[in-house]
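Q: Next comes entry.cif, mmCIF, C-alpha atoms:
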```
data_protein
loop_
_atom_site.label_atom_id
_atom_site.label_comp_id
_atom_site.auth_asym_id
_atom_site.auth_seq_id
_atom_site.Cartn_x
_atom_site.Cartn_y
_atom_site.Cartn_z
CA MET A 1 0.00 0.00 0.00
CA SER A 2 2.82 2.40 0.85
CA ALA A 3 4.53 1.68 -2.45
CA ALA A 4 1.27 2.29 -4.31
CA LEU A 5 0.72 5.59 -2.47
CA LEU A 6 4.25 6.71 -3.29
CA GLN A 7 3.71 5.62 -6.90
CA VAL A 8 0.80 8.04 -7.41
CA THR A 9 2.25 10.93 -5.39
CA LEU A 10 6.04 10.99 -5.60
CA ALA A 11 7.08 8.80 -8.56
CA PRO A 12 5.48 10.91 -11.36
CA ARG A 13 7.50 13.92 -10.18
CA LEU A 14 10.69 12.01 -11.05
CA ALA A 15 9.71 11.66 -14.72
CA VAL A 16 12.46 11.73 -17.35
CA GLY A 17 11.37 11.58 -20.98
CA GLY A 18 7.85 10.77 -19.81
CA GLY A 19 8.89 7.61 -17.96
CA PHE A 20 9.24 7.22 -14.21
CA PRO A 21 9.97 4.30 -11.86
CA ASN A 22 7.27 1.85 -10.83
CA LEU A 23 7.75 1.25 -7.11
CA VAL A 24 5.07 -1.44 -6.91
CA LEU A 25 6.70 -3.37 -9.74
CA LEU A 26 10.12 -3.05 -8.09
CA LEU A 27 8.64 -4.34 -4.84
CA ALA A 28 7.03 -7.28 -6.62
CA VAL A 29 10.29 -8.22 -8.37
CA CYS A 30 12.17 -7.92 -5.05
CA ALA A 31 9.63 -10.18 -3.39
CA THR A 32 10.00 -12.68 -6.26
CA TRP A 33 13.79 -12.51 -5.95
CA ASN A 34 13.88 -12.88 -2.16
CA LEU A 35 10.84 -14.95 -1.26
CA GLY A 36 10.11 -17.01 -4.36
CA VAL A 37 7.87 -16.78 -7.39
CA ARG A 38 4.55 -17.53 -5.71
CA SER A 39 5.14 -15.07 -2.86
CA GLY A 40 6.21 -12.49 -5.43
CA MET A 41 3.04 -13.01 -7.45
CA ALA A 42 0.89 -12.69 -4.32
CA TRP A 43 2.57 -9.41 -3.43
CA ALA A 44 2.20 -8.32 -7.06
CA CYS A 45 -1.56 -8.83 -6.92
CA ALA A 46 -1.88 -6.92 -3.65
CA GLY A 47 0.19 -3.99 -4.88
CA GLY A 48 -1.51 -3.98 -8.26
CA ILE A 49 -4.99 -3.85 -6.71
CA ALA A 50 -3.85 -0.89 -4.59
CA LEU A 51 -2.70 0.83 -7.80
CA ASP A 52 -6.02 0.09 -9.49
CA LEU A 53 -7.87 1.70 -6.57
CA MET A 54 -5.97 4.93 -7.28
CA SER A 55 -6.32 4.83 -11.06
CA PRO A 56 -9.14 5.36 -13.52
CA GLY A 57 -11.00 2.42 -14.95
CA PRO A 58 -11.79 -1.02 -13.56
CA VAL A 59 -9.97 -2.78 -10.72
CA GLY A 60 -7.67 -5.49 -11.99
CA PRO A 61 -5.58 -4.36 -15.00
CA HIS A 62 -2.62 -3.04 -13.00
CA ALA A 63 -2.78 -6.10 -10.74
CA LEU A 64 -2.65 -8.35 -13.81
CA ALA A 65 0.23 -6.31 -15.24
CA VAL A 66 2.36 -6.45 -12.07
CA LEU A 67 1.50 -10.15 -11.71
CA ALA A 68 2.80 -10.80 -15.21
CA ALA A 69 5.98 -8.84 -14.42
CA ALA A 70 6.56 -10.91 -11.28
CA TYR A 71 6.02 -14.13 -13.24
CA VAL A 72 8.57 -13.04 -15.86
CA ALA A 73 11.03 -12.12 -13.09
CA GLY A 74 10.54 -15.62 -11.78
CA PHE A 75 12.29 -17.04 -14.85
CA TRP A 76 15.44 -15.23 -13.77
CA THR A 77 15.25 -16.36 -10.16
CA ARG A 78 15.01 -19.99 -11.29
CA ASN A 79 17.98 -19.79 -13.64
CA THR A 80 20.46 -17.30 -12.16
CA GLY A 81 22.20 -16.66 -8.89
CA ARG A 82 20.33 -14.44 -6.49
CA HIS A 83 23.42 -12.43 -5.62
CA GLU A 84 23.90 -11.00 -9.09
CA PRO A 85 22.45 -7.48 -9.23
CA ALA A 86 22.84 -7.31 -13.02
CA HIS A 87 20.36 -10.16 -13.45
CA ALA A 88 17.96 -8.47 -11.06
CA ALA A 89 18.18 -5.30 -13.16
CA ILE A 90 17.51 -7.24 -16.35
CA ALA A 91 14.56 -8.98 -14.70
CA ALA A 92 13.16 -5.59 -13.66
CA ALA A 93 13.55 -4.22 -17.20
CA ALA A 94 11.91 -7.27 -18.76
CA GLY A 95 9.14 -7.11 -16.17
CA THR A 96 8.58 -3.44 -17.01
CA VAL A 97 8.16 -4.25 -20.71
CA VAL A 98 5.65 -7.00 -19.91
CA TYR A 99 3.87 -4.72 -17.41
CA SER A 100 3.58 -1.92 -19.98
CA MET A 101 2.23 -4.24 -22.67
CA VAL A 102 -0.46 -5.59 -20.34
CA VAL A 103 -1.43 -2.06 -19.20
CA VAL A 104 -1.74 -0.78 -22.78
CA VAL A 105 -3.71 -3.81 -24.01
CA SER A 106 -6.04 -3.84 -21.00
CA GLY A 107 -6.51 -0.08 -21.34
CA ALA A 108 -7.48 -0.45 -24.98
CA LEU A 109 -9.88 -3.31 -24.17
CA SER A 110 -11.57 -1.33 -21.40
CA HIS A 111 -11.91 1.78 -23.63
CA MET A 112 -9.40 3.81 -21.64
CA PRO A 113 -7.18 6.34 -23.42
CA VAL A 114 -3.85 4.85 -24.49
CA PRO A 115 -1.01 6.66 -26.28
CA SER A 116 0.25 5.92 -29.77
CA VAL A 117 2.78 3.18 -30.47
CA ALA A 118 5.67 5.63 -30.74
CA VAL A 119 4.83 7.38 -27.47
CA SER A 120 4.23 4.06 -25.72
CA ALA A 121 7.60 2.77 -26.89
CA GLN A 122 9.35 5.85 -25.53
CA LEU A 123 7.58 5.53 -22.19
CA VAL A 124 8.41 1.82 -21.96
CA VAL A 125 12.11 2.38 -22.68
CA MET A 126 12.43 5.16 -20.12
CA SER A 127 10.49 3.29 -17.43
CA ALA A 128 12.47 0.09 -18.05
CA ALA A 129 15.74 2.00 -17.74
CA PHE A 130 14.54 3.65 -14.54
CA ASN A 131 13.46 0.38 -12.96
CA ALA A 132 16.61 -1.44 -14.04
CA ALA A 133 18.76 1.31 -12.52
CA LEU A 134 16.86 1.24 -9.22
CA MET A 135 16.51 -2.55 -8.93
CA PRO A 136 19.92 -3.34 -7.36
CA ALA A 137 19.40 -0.73 -4.66
CA ALA A 138 15.84 -1.89 -4.08
CA LEU A 139 17.11 -5.46 -3.72
CA ILE A 140 19.67 -4.46 -1.08
CA VAL A 141 17.08 -2.51 0.91
CA SER A 142 14.49 -5.30 0.68
CA ARG A 143 16.97 -7.94 1.86
CA ARG A 144 17.74 -5.90 4.94
CA LEU A 145 14.04 -5.65 5.70
CA VAL A 146 13.06 -9.23 4.80
CA PRO A 147 15.74 -11.95 4.66
CA ALA A 148 15.70 -14.01 1.47
CA ARG A 149 14.32 -17.53 1.59
CA PRO A 150 16.45 -20.42 0.33
CA PRO A 151 15.66 -21.50 -3.24
CA GLU A 152 12.67 -23.78 -3.73
CA PRO A 153 13.59 -27.49 -3.62
CA GLY A 154 14.49 -29.12 -6.90
CA LEU A 155 15.78 -25.96 -8.56
CA ALA A 156 19.34 -25.33 -9.70
CA MET B 1 11.40 -31.76 -9.69
CA TYR B 2 12.31 -28.62 -11.56
CA GLY B 3 9.53 -29.12 -14.05
CA ARG B 4 6.99 -29.75 -11.27
CA ALA B 5 8.02 -26.58 -9.43
CA ARG B 6 7.73 -24.57 -12.63
CA SER B 7 4.32 -26.02 -13.44
CA ARG B 8 3.12 -25.13 -9.90
CA SER B 9 4.23 -21.53 -10.44
CA SER B 10 2.59 -21.40 -13.84
CA GLY B 11 -0.61 -22.81 -12.40
CA PHE B 12 -0.56 -20.21 -9.62
CA PHE B 13 0.06 -17.47 -12.20
CA LEU B 14 -2.82 -18.64 -14.36
CA THR B 15 -5.13 -18.84 -11.35
CA LEU B 16 -4.25 -15.35 -10.12
CA GLY B 17 -4.37 -13.99 -13.67
CA ALA B 18 -7.85 -15.39 -14.23
CA ALA B 19 -8.96 -13.89 -10.90
CA MET B 20 -7.64 -10.44 -11.87
CA ILE B 21 -9.30 -10.61 -15.30
CA ALA B 22 -12.59 -11.62 -13.65
CA LEU B 23 -12.21 -8.74 -11.18
CA ALA B 24 -11.62 -6.29 -14.03
CA ILE B 25 -14.69 -7.54 -15.93
CA VAL B 26 -16.90 -7.37 -12.84
CA THR B 27 -15.75 -3.88 -11.80
CA GLN B 28 -16.32 -2.59 -15.32
CA GLN B 29 -20.05 -3.39 -15.21
CA SER B 30 -22.42 -0.45 -14.84
CA TRP B 31 -23.86 -1.77 -11.57
CA ALA B 32 -20.36 -2.00 -10.06
CA VAL B 33 -19.38 1.61 -10.81
CA GLY B 34 -20.81 2.97 -7.56
CA PRO B 35 -19.10 0.50 -5.19
CA ARG B 36 -15.90 0.73 -7.24
CA ASP B 37 -15.76 4.53 -7.01
CA ALA B 38 -16.65 4.39 -3.30
CA ALA B 39 -13.74 2.01 -2.69
CA LYS B 40 -11.42 4.35 -4.60
CA SER B 41 -12.60 7.29 -2.51
CA LEU B 42 -11.55 5.52 0.70
CA LEU B 43 -7.90 6.02 -0.22
CA ALA B 44 -8.29 9.72 -1.01
CA PRO B 45 -7.32 10.96 2.50
CA LEU B 46 -4.13 8.87 2.43
CA GLU B 47 -3.28 10.17 -1.04
CA SER B 48 -3.78 13.72 0.16
CA ILE B 49 -1.34 13.22 3.05
CA MET B 50 1.25 11.53 0.82
CA THR B 51 0.98 14.30 -1.78
CA SER B 52 1.74 16.89 0.91
CA VAL B 53 4.77 14.86 2.01
CA ALA B 54 5.93 14.46 -1.59
CA VAL B 55 5.69 18.21 -2.20
CA GLN B 56 7.78 18.93 0.93
CA ALA B 57 10.34 16.32 -0.06
CA GLU B 58 10.53 17.81 -3.54
CA ARG B 59 11.23 21.24 -2.06
CA VAL B 60 14.08 19.88 0.10
CA THR B 61 15.77 17.88 -2.67
CA GLY B 62 15.23 20.67 -5.14
CA ALA B 63 17.09 23.06 -2.85
CA PHE B 64 20.27 20.98 -3.06
CA GLY B 65 20.12 20.75 -6.80
CA ASP B 66 19.52 24.46 -7.15
CA VAL B 67 22.54 25.68 -5.13
CA ALA B 68 25.08 25.62 -7.96
CA GLY B 69 22.63 27.09 -10.42
CA LEU B 70 21.59 29.80 -8.01
CA ARG B 71 25.17 30.97 -7.50
CA ALA B 72 25.60 31.62 -11.21
CA GLU B 73 22.17 33.19 -11.41
CA ASN B 74 22.97 35.45 -8.44
CA ALA B 75 26.08 36.81 -10.11
CA ARG B 76 24.08 37.70 -13.21
CA LEU B 77 21.32 39.35 -11.24
CA ARG B 78 23.72 41.59 -9.33
CA ALA B 79 24.83 43.14 -12.62
CA THR B 80 21.28 44.13 -13.56
CA ASP B 81 20.13 45.15 -10.08
CA ALA B 82 20.18 48.91 -10.69
CA GLN B 83 17.93 48.65 -13.73
CA LEU B 84 15.53 46.38 -11.88
CA GLN B 85 15.22 48.78 -8.97
CA ARG B 86 13.99 51.55 -11.23
CA ARG B 87 11.60 49.23 -13.03
CA LEU B 88 10.31 47.93 -9.70
CA ILE B 89 9.15 51.36 -8.65
CA GLU B 90 7.21 51.76 -11.88
CA LEU B 91 5.68 48.31 -11.53
CA ASN B 92 4.63 48.80 -7.94
CA ALA B 93 2.44 51.66 -8.97
CA ALA B 94 0.81 49.52 -11.67
CA ALA B 95 0.51 46.55 -9.31
CA LYS B 96 -1.55 48.54 -6.85
CA GLU B 97 -4.06 49.36 -9.53
CA ASN B 98 -3.99 45.73 -10.76
CA ALA B 99 -4.72 44.36 -7.29
CA THR B 100 -7.73 46.62 -6.96
CA LEU B 101 -9.09 45.52 -10.31
CA ARG B 102 -8.55 41.81 -9.51
CA GLN B 103 -10.36 42.18 -6.22
CA ALA B 104 -13.31 43.75 -7.98
CA LEU B 105 -13.51 41.19 -10.76
CA ASP B 106 -12.11 37.84 -9.42
CA PHE B 107 -11.74 34.95 -11.76
CA GLU B 108 -15.11 33.18 -11.26
CA ARG B 109 -17.27 36.27 -11.96
CA ALA B 110 -15.03 37.44 -14.82
CA TYR B 111 -15.47 34.10 -16.61
CA GLY B 112 -19.15 33.85 -15.75
CA ARG B 113 -19.16 30.19 -14.62
CA ARG B 114 -19.68 28.57 -11.27
CA MET B 115 -16.49 26.87 -10.15
CA MET B 116 -15.36 24.70 -7.28
CA ALA B 117 -11.75 24.60 -6.13
CA ALA B 118 -10.20 21.18 -5.61
CA GLN B 119 -6.81 20.01 -4.44
CA VAL B 120 -4.74 17.56 -6.49
CA ILE B 121 -4.08 14.51 -4.28
CA GLY B 122 -2.64 12.03 -6.77
CA LEU B 123 -1.30 11.49 -10.26
CA GLY B 124 -1.61 8.60 -12.71
CA PRO B 125 0.44 5.54 -11.63
CA ASP B 126 2.13 5.17 -15.02
CA GLY B 127 2.87 7.31 -18.05
CA PHE B 128 0.16 5.74 -20.21
CA THR B 129 -2.83 7.44 -18.57
CA ARG B 130 -2.31 11.13 -17.89
CA THR B 131 -4.74 11.61 -15.06
CA LEU B 132 -5.04 13.51 -11.81
CA GLU B 133 -7.01 12.67 -8.73
CA ILE B 134 -8.73 15.50 -6.86
CA ASP B 135 -10.28 15.63 -3.40
CA ARG B 136 -13.80 16.52 -4.56
CA GLY B 137 -16.41 13.93 -5.51
CA SER B 138 -20.09 13.32 -6.07
CA ALA B 139 -20.86 14.34 -2.49
CA ASP B 140 -19.58 17.81 -3.43
CA GLY B 141 -21.57 17.96 -6.66
CA VAL B 142 -18.85 16.75 -9.02
CA GLU B 143 -20.10 14.62 -11.92
CA PRO B 144 -18.33 12.73 -14.72
CA GLY B 145 -18.01 14.94 -17.78
CA MET B 146 -17.52 18.20 -15.89
CA VAL B 147 -14.77 20.41 -17.26
CA VAL B 148 -11.68 21.06 -15.12
CA THR B 149 -9.53 24.13 -15.51
CA THR B 150 -6.84 26.06 -13.68
CA GLY B 151 -6.11 29.76 -13.42
CA ALA B 152 -3.97 29.32 -16.55
CA GLY B 153 -6.50 27.51 -18.71
CA LEU B 154 -8.15 24.22 -19.67
CA LEU B 155 -6.90 21.11 -17.88
CA GLY B 156 -9.31 18.34 -18.86
CA ARG B 157 -12.55 16.75 -17.70
CA ILE B 158 -13.82 14.52 -14.90
CA SER B 159 -13.75 10.87 -16.04
CA GLU B 160 -14.78 9.17 -12.78
CA ALA B 161 -16.31 10.52 -9.58
CA GLY B 162 -16.52 8.73 -6.25
CA PRO B 163 -18.19 10.17 -3.18
CA HIS B 164 -15.12 12.11 -2.01
CA ALA B 165 -12.63 11.98 -4.86
CA ALA B 166 -12.64 12.19 -8.63
CA ILE B 167 -10.27 11.42 -11.47
CA VAL B 168 -9.50 14.02 -14.14
CA GLN B 169 -8.56 12.96 -17.66
CA THR B 170 -6.16 15.68 -18.78
CA LEU B 171 -5.36 17.03 -22.21
CA ALA B 172 -2.07 15.12 -21.98
CA ASP B 173 -4.09 11.95 -22.67
CA SER B 174 -3.58 11.09 -26.32
CA GLN B 175 -7.28 10.48 -26.95
CA SER B 176 -8.38 13.93 -25.73
CA ARG B 177 -9.88 16.18 -28.40
CA VAL B 178 -10.77 19.88 -28.06
CA ASN B 179 -12.29 22.16 -30.69
CA VAL B 180 -10.52 25.51 -30.55
CA PHE B 181 -10.12 28.78 -32.37
CA LEU B 182 -6.99 30.90 -32.71
CA TYR B 183 -7.42 34.25 -31.06
CA GLN B 184 -5.57 36.45 -33.56
CA SER B 185 -6.32 34.78 -36.88
CA GLY B 186 -9.78 33.48 -35.98
CA LEU B 187 -8.98 30.10 -37.55
CA GLN B 188 -10.81 27.04 -36.26
CA GLY B 189 -9.23 23.71 -35.52
CA THR B 190 -8.97 20.66 -33.28
CA VAL B 191 -6.32 20.08 -30.63
CA SER B 192 -5.40 16.50 -29.80
CA GLY B 193 -3.93 15.25 -26.57
CA GLY B 194 -0.33 14.22 -26.10
CA PRO B 195 2.53 14.12 -23.62
CA GLY B 196 4.47 17.04 -25.09
CA ALA B 197 3.34 19.88 -27.33
CA LEU B 198 -0.31 19.34 -28.32
CA PRO B 199 -0.84 18.76 -32.04
CA MET B 200 -3.52 20.90 -33.71
CA GLN B 201 -5.19 20.59 -37.10
CA VAL B 202 -5.87 24.17 -38.28
CA GLU B 203 -8.56 24.49 -40.94
CA HIS B 204 -7.71 26.63 -43.92
CA ALA B 205 -9.67 29.85 -44.36
CA PHE B 206 -9.33 32.51 -47.04
CA GLY B 207 -7.23 35.48 -45.94
CA ALA B 208 -6.05 34.04 -42.61
CA THR B 209 -2.92 32.17 -41.62
CA ALA B 210 -1.95 30.44 -38.41
CA SER B 211 1.24 31.83 -36.95
CA GLN B 212 3.55 31.26 -34.03
CA GLY B 213 2.56 33.23 -30.95
CA ASP B 214 -1.17 33.01 -31.58
CA TRP B 215 -3.33 31.65 -28.75
CA ALA B 216 -5.76 28.73 -28.91
CA LEU B 217 -8.99 28.96 -26.93
CA THR B 218 -11.90 26.54 -26.75
CA SER B 219 -14.48 27.36 -29.42
CA GLY B 220 -17.47 25.64 -27.85
CA VAL B 221 -18.12 23.82 -31.15
CA GLY B 222 -19.59 20.40 -30.47
CA GLY B 223 -20.72 21.32 -26.98
CA GLU B 224 -17.93 19.38 -25.27
CA TYR B 225 -16.30 22.38 -23.61
CA PRO B 226 -17.49 25.92 -22.87
CA ARG B 227 -16.19 28.63 -25.14
CA GLY B 228 -13.28 30.83 -24.17
CA LEU B 229 -10.99 28.59 -22.09
CA VAL B 230 -7.30 29.08 -22.86
CA VAL B 231 -5.60 25.95 -24.18
CA GLY B 232 -2.14 27.20 -25.12
CA GLU B 233 0.12 29.20 -27.39
CA VAL B 234 1.03 28.20 -30.95
CA SER B 235 4.70 27.20 -30.77
CA GLY B 236 5.10 26.16 -34.39
CA VAL B 237 3.18 25.71 -37.64
CA THR B 238 3.74 23.32 -40.56
CA TYR B 239 2.00 24.75 -43.59
CA GLN B 240 0.38 22.27 -45.97
CA PRO B 241 -0.98 24.22 -48.96
CA SER B 242 -2.09 21.05 -50.75
CA SER B 243 -4.20 19.94 -47.80
CA THR B 244 -7.34 21.39 -46.24
CA SER B 245 -5.56 22.02 -42.94
CA ASP B 246 -2.19 22.99 -41.49
CA GLU B 247 -0.50 21.31 -38.56
CA ALA B 248 0.33 23.42 -35.54
CA ARG B 249 1.87 22.64 -32.18
CA ILE B 250 0.37 24.11 -29.04
CA ALA B 251 2.41 24.72 -25.90
CA TRP B 252 -0.15 23.74 -23.31
CA VAL B 253 -0.53 26.23 -20.44
CA ASN B 254 -0.74 23.49 -17.80
CA ASP B 255 1.76 20.96 -16.48
CA PRO B 256 -0.20 18.26 -14.60
CA ALA B 257 2.84 17.09 -12.65
CA ASN B 258 3.17 20.49 -10.96
CA LEU B 259 -0.43 21.33 -10.18
CA ALA B 260 -1.69 21.65 -6.63
CA LEU B 261 -5.07 23.31 -7.15
CA VAL B 262 -7.66 23.02 -9.92
CA LEU B 263 -11.13 24.45 -10.61
CA VAL B 264 -14.12 22.30 -11.54
CA ILE B 265 -16.75 24.08 -13.64
CA THR B 266 -19.97 22.89 -12.03
CA ASP B 267 -22.60 24.60 -14.19
CA PHE B 268 -21.55 23.15 -17.54
CA LEU B 269 -21.97 19.58 -18.78
CA PRO B 270 -21.25 18.40 -22.33
CA SER B 271 -24.29 18.38 -24.58
#
```
Would you mind writing the structure in this file as structure tokens?
A:
Amino acid sequence: MSAALLQVTLAPRLAVGGGFPNLVLLLAVCATWNLGVRSGMAWACAGGIALDLMSPGPVGPHALAVLAAAYVAGFWTRNTGRHEPAHAAIAAAAGTVVYSMVVVVSGALSHMPVPSVAVSAQLVVMSAAFNAALMPAALIVSRRLVPARPPEPGLA
Amino acid sequence: MYGRARSRSSGFFLTLGAAMIALAIVTQQSWAVGPRDAAKSLLAPLESIMTSVAVQAERVTGAFGDVAGLRAENARLRATDAQLQRRLIELNAAAKENATLRQALDFERAYGRRMMAAQVIGLGPDGFTRTLEIDRGSADGVEPGMVVTTGAGLLGRISEAGPHAAIVQTLADSQSRVNVFLYQSGLQGTVSGGPGALPMQVEHAFGATASQGDWALTSGVGGEYPRGLVVGEVSGVTYQPSSTSDEARIAWVNDPANLALVLVITDFLPS
């Protein structure tokens, strides 16, 4: 909830080139990285619903988008070492792209205004860069607050 | 083991995804609009508090960034101080008369519309929907479709209204459309929404030409917006003699990211 509140009050003021960081997405990816894919997806849903309650349109699209981003980040947690910040940054960037695609498609389907392809692409690139840059720091902070769980059994 | 763990995660993802899609479909139904907007209004007080904190934090961090720039600016201003002192005396005399006139007129009566002030308590969560959230809702008489403006000019319109909060779709939204006229040339046209300069299609008319520096105001054509609201200044024109219209770019008078107070026009609804 705090991340969602900060997302709609502070984050837009940090915009560069139209894009700004997505704190809820960063939190969801951190949760996926530290606590596992299913915990990350649960946190993604909770944070996404909080975002939807502070956005126009129906409740659910942002939750679905953050959920998809957490699921994508889960591919990295299963295949890379959890102590590599570069992989966390890549996971955050990939998650941002997936998040943006889901938001645009769900916005179009629910008759909400969505920008043109060119504008959307610019926003996606800037937001992905922002989130990738902030992900290593977010990971360090989140690990201090919530210790990481050991990897799920049966995984490399 | 690895495959089973991955299939469990995929199953969980599909389950949660289906639940979110179902939630979106349900909350989009007409009968769910009221409860949905009421739920959104519950968070309005928290958003208001966080917006105040964000503004204070922005002032503090901005101060650090401004120090180096202010030193250079200070040196330049010292050199022109004498000229400014003389000009200040002349302006003070004019300001006194201006203050008296403003007091007599005030913005609401000068424009002739009933307006309600509202505080901006939140912004859109991502760059794809350029919206604001304000602390006025249906309990205050705000209805979807009402036009929102600022002291500078047109901002947008109310898209959703809960009991104590409402969401404003701004002109920065790419699907916004406003019929306008250019103040100096009298040419009519349509301004479209966008994140930067607003594109405008200017209709050709015999003996008139759009030019940089002209001002675009709402024309009232179509009944979507009242006539006479300032939209922005023409920052550039691309002439297309072979077409029926020219393309202009409008520097919008408002910046949604830096707004604290807006005005909702309560006695006008789109026809």
Q: Near Leu25 in chain A, counting all atoms listed in the file, which residues have an atom at most 8 Å away, once you skip same-chain residues fewer than 5 positions from it, shown as a PyMOL selection string?
A: chain A and resi 44+66+69-70+92+95-96
Q: Would you pick out the contacts of Ala19 in chain B at 10 Å or less, using all atoms listed in the file, so that residues sharing its chain but fewer than 5 positions from it are not included, and give the list as a PDB file with C-alpha atoms, in the frame of the given file?
A:
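The file below, selection_19.pdb, is the result:
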```
ATOM      1  CA  CYS A  45      -1.560  -8.830  -6.920  1.00  0.00           C
ATOM      2  CA  GLY A  60      -7.670  -5.490 -11.990  1.00  0.00           C
ATOM      3  CA  ALA A  63      -2.780  -6.100 -10.740  1.00  0.00           C
ATOM      4  CA  LEU A  64      -2.650  -8.350 -13.810  1.00  0.00           C
TER       5      LEU A  64
ATOM      6  CA  PHE B  13       0.060 -17.470 -12.200  1.00  0.00           C
ATOM      7  CA  LEU B  14      -2.820 -18.640 -14.360  1.00  0.00           C
ATOM      8  CA  ALA B  24     -11.620  -6.290 -14.030  1.00  0.00           C
ATOM      9  CA  ILE B  25     -14.690  -7.540 -15.930  1.00  0.00           C
TER      10      ILE B  25
END
```
Q: Could you tell me which of A:Val59, A:Ala68, A:Ala129, A:Val117 comes closest to Pro35 in chain B if we count all atoms listed in the file?
A: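 Between A:Val59, A:Ala68, A:Ala129, A:Val117, the residue approaching Pro35 in chain B most closely is A:Val59.
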Q: May I ask you to extract the residues of chain B within 7 Å of chain A, using all atoms listed in the file, and to give them as a PyMOL selection string?
A: chain B and resi 1-2+9+12-13+17+20-21+23-24+27-28+40+47+50-51+54+122-125+127-129+160+167+173-175+257
Q: Those residues you just picked out, can you put them in a file as a PDB file, in the frame of the given file with C-alpha atoms?
A:
```
ATOM      1  CA  MET B   1      11.400 -31.760  -9.690  1.00  0.00           C
ATOM      2  CA  TYR B   2      12.310 -28.620 -11.560  1.00  0.00           C
ATOM      3  CA  SER B   9       4.230 -21.530 -10.440  1.00  0.00           C
ATOM      4  CA  PHE B  12      -0.560 -20.210  -9.620  1.00  0.00           C
ATOM      5  CA  PHE B  13       0.060 -17.470 -12.200  1.00  0.00           C
ATOM      6  CA  GLY B  17      -4.370 -13.990 -13.670  1.00  0.00           C
ATOM      7  CA  MET B  20      -7.640 -10.440 -11.870  1.00  0.00           C
ATOM      8  CA  ILE B  21      -9.300 -10.610 -15.300  1.00  0.00           C
ATOM      9  CA  LEU B  23     -12.210  -8.740 -11.180  1.00  0.00           C
ATOM     10  CA  ALA B  24     -11.620  -6.290 -14.030  1.00  0.00           C
ATOM     11  CA  THR B  27     -15.750  -3.880 -11.800  1.00  0.00           C
ATOM     12  CA  GLN B  28     -16.320  -2.590 -15.320  1.00  0.00           C
ATOM     13  CA  LYS B  40     -11.420   4.350  -4.600  1.00  0.00           C
ATOM     14  CA  GLU B  47      -3.280  10.170  -1.040  1.00  0.00           C
ATOM     15  CA  MET B  50       1.250  11.530   0.820  1.00  0.00           C
ATOM     16  CA  THR B  51       0.980  14.300  -1.780  1.00  0.00           C
ATOM     17  CA  ALA B  54       5.930  14.460  -1.590  1.00  0.00           C
ATOM     18  CA  GLY B 122      -2.640  12.030  -6.770  1.00  0.00           C
ATOM     19  CA  LEU B 123      -1.300  11.490 -10.260  1.00  0.00           C
ATOM     20  CA  GLY B 124      -1.610   8.600 -12.710  1.00  0.00           C
ATOM     21  CA  PRO B 125       0.440   5.540 -11.630  1.00  0.00           C
ATOM     22  CA  GLY B 127       2.870   7.310 -18.050  1.00  0.00           C
ATOM     23  CA  PHE B 128       0.160   5.740 -20.210  1.00  0.00           C
ATOM     24  CA  THR B 129      -2.830   7.440 -18.570  1.00  0.00           C
ATOM     25  CA  GLU B 160     -14.780   9.170 -12.780  1.00  0.00           C
ATOM     26  CA  ILE B 167     -10.270  11.420 -11.470  1.00  0.00           C
ATOM     27  CA  ASP B 173      -4.090  11.950 -22.670  1.00  0.00           C
ATOM     28  CA  SER B 174      -3.580  11.090 -26.320  1.00  0.00           C
ATOM     29  CA  GLN B 175      -7.280  10.480 -26.950  1.00  0.00           C
ATOM     30  CA  ALA B 257       2.840  17.090 -12.650  1.00  0.00           C
TER      31      ALA B 257
END
```
Q: For CA of Gly11 in chain B and CA of Ala138 in chain A, determine how far apart the two atoms are, in Å to one decimal place.
A: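 Spanning CA of Gly11 in chain B to CA of Ala138 in chain A is a straight-line distance of 27.9 Å.
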Q: Tell me, in Å to one decimal, how far CA of Thr266 in chain B is from CA of Thr190 in chain B.
A: 24.0 Å
Q: Go through B:Thr149, B:Ser235, B:Ser41, B:Gln169 one by one, measure the shortest atom-to-atom distance of each to Ala248 in chain B using all atoms listed in the file, and give the residue with the smallest value.
A: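 Distance minimum relative to Ala248 in chain B lands on B:Ser235.
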Q: Quick one: apply the PyMOL selection byres ((chain A and resi 88) around 12) to the file and drop the selected residues here as a PyMOL selection string.
A: chain A and resi 26-34+70+72-87+89-95+131-140
Q: Determine, counting all atoms listed in the file, which protein, DNA and RNA residues have an atom within 6 Å of an atom of range 132-147 of chain B; residues of the same chain fewer than 4 positions away are not included. Present the result as an MDAnalysis selection string.
A: chainID B and resid 118:123 157:168 265 269
Q: Grab the CA of Gly153 in chain B to CA of Trp252 in chain B distance for me, in Å with one decimal place.
A: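 Going from CA of Gly153 in chain B over to CA of Trp252 in chain B covers 8.7 Å.
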Q: Expand the PyMOL selection byres ((chain B and resi 230) around 12) into the individual residues it matches in the shown file, reporting them as a ChimeraX atom specification.
A: /B:111,148-156,178-183,191,214-220,225-229,231-234,250-254
Q: Quick one: everything within 9 Å of Gly236 in chain B, counting only C-alpha atoms, minus sequence neighbours fewer than 3 positions away in the same chain. Send it as a list in words.
A: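 What passes the distance filter is Ser211, Gln212, Gly213, Glu247, Ala248, Arg249 and Ile250 of chain B.
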Q: Using all atoms listed in the file, which residue out of B:Arg177, B:Ser242, B:Asp126, B:Leu70 lies closest to Met126 in chain A?
A: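 For Met126 in chain A, the nearest of the candidates is B:Asp126.
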Q: Using the chain letters and residue numbers of this document, give as a PyMOL selection string the residues selected by the PyMOL selection byres ((chain B and resi 207) around 12).
A: chain B and resi 185-187+204-206+208-210
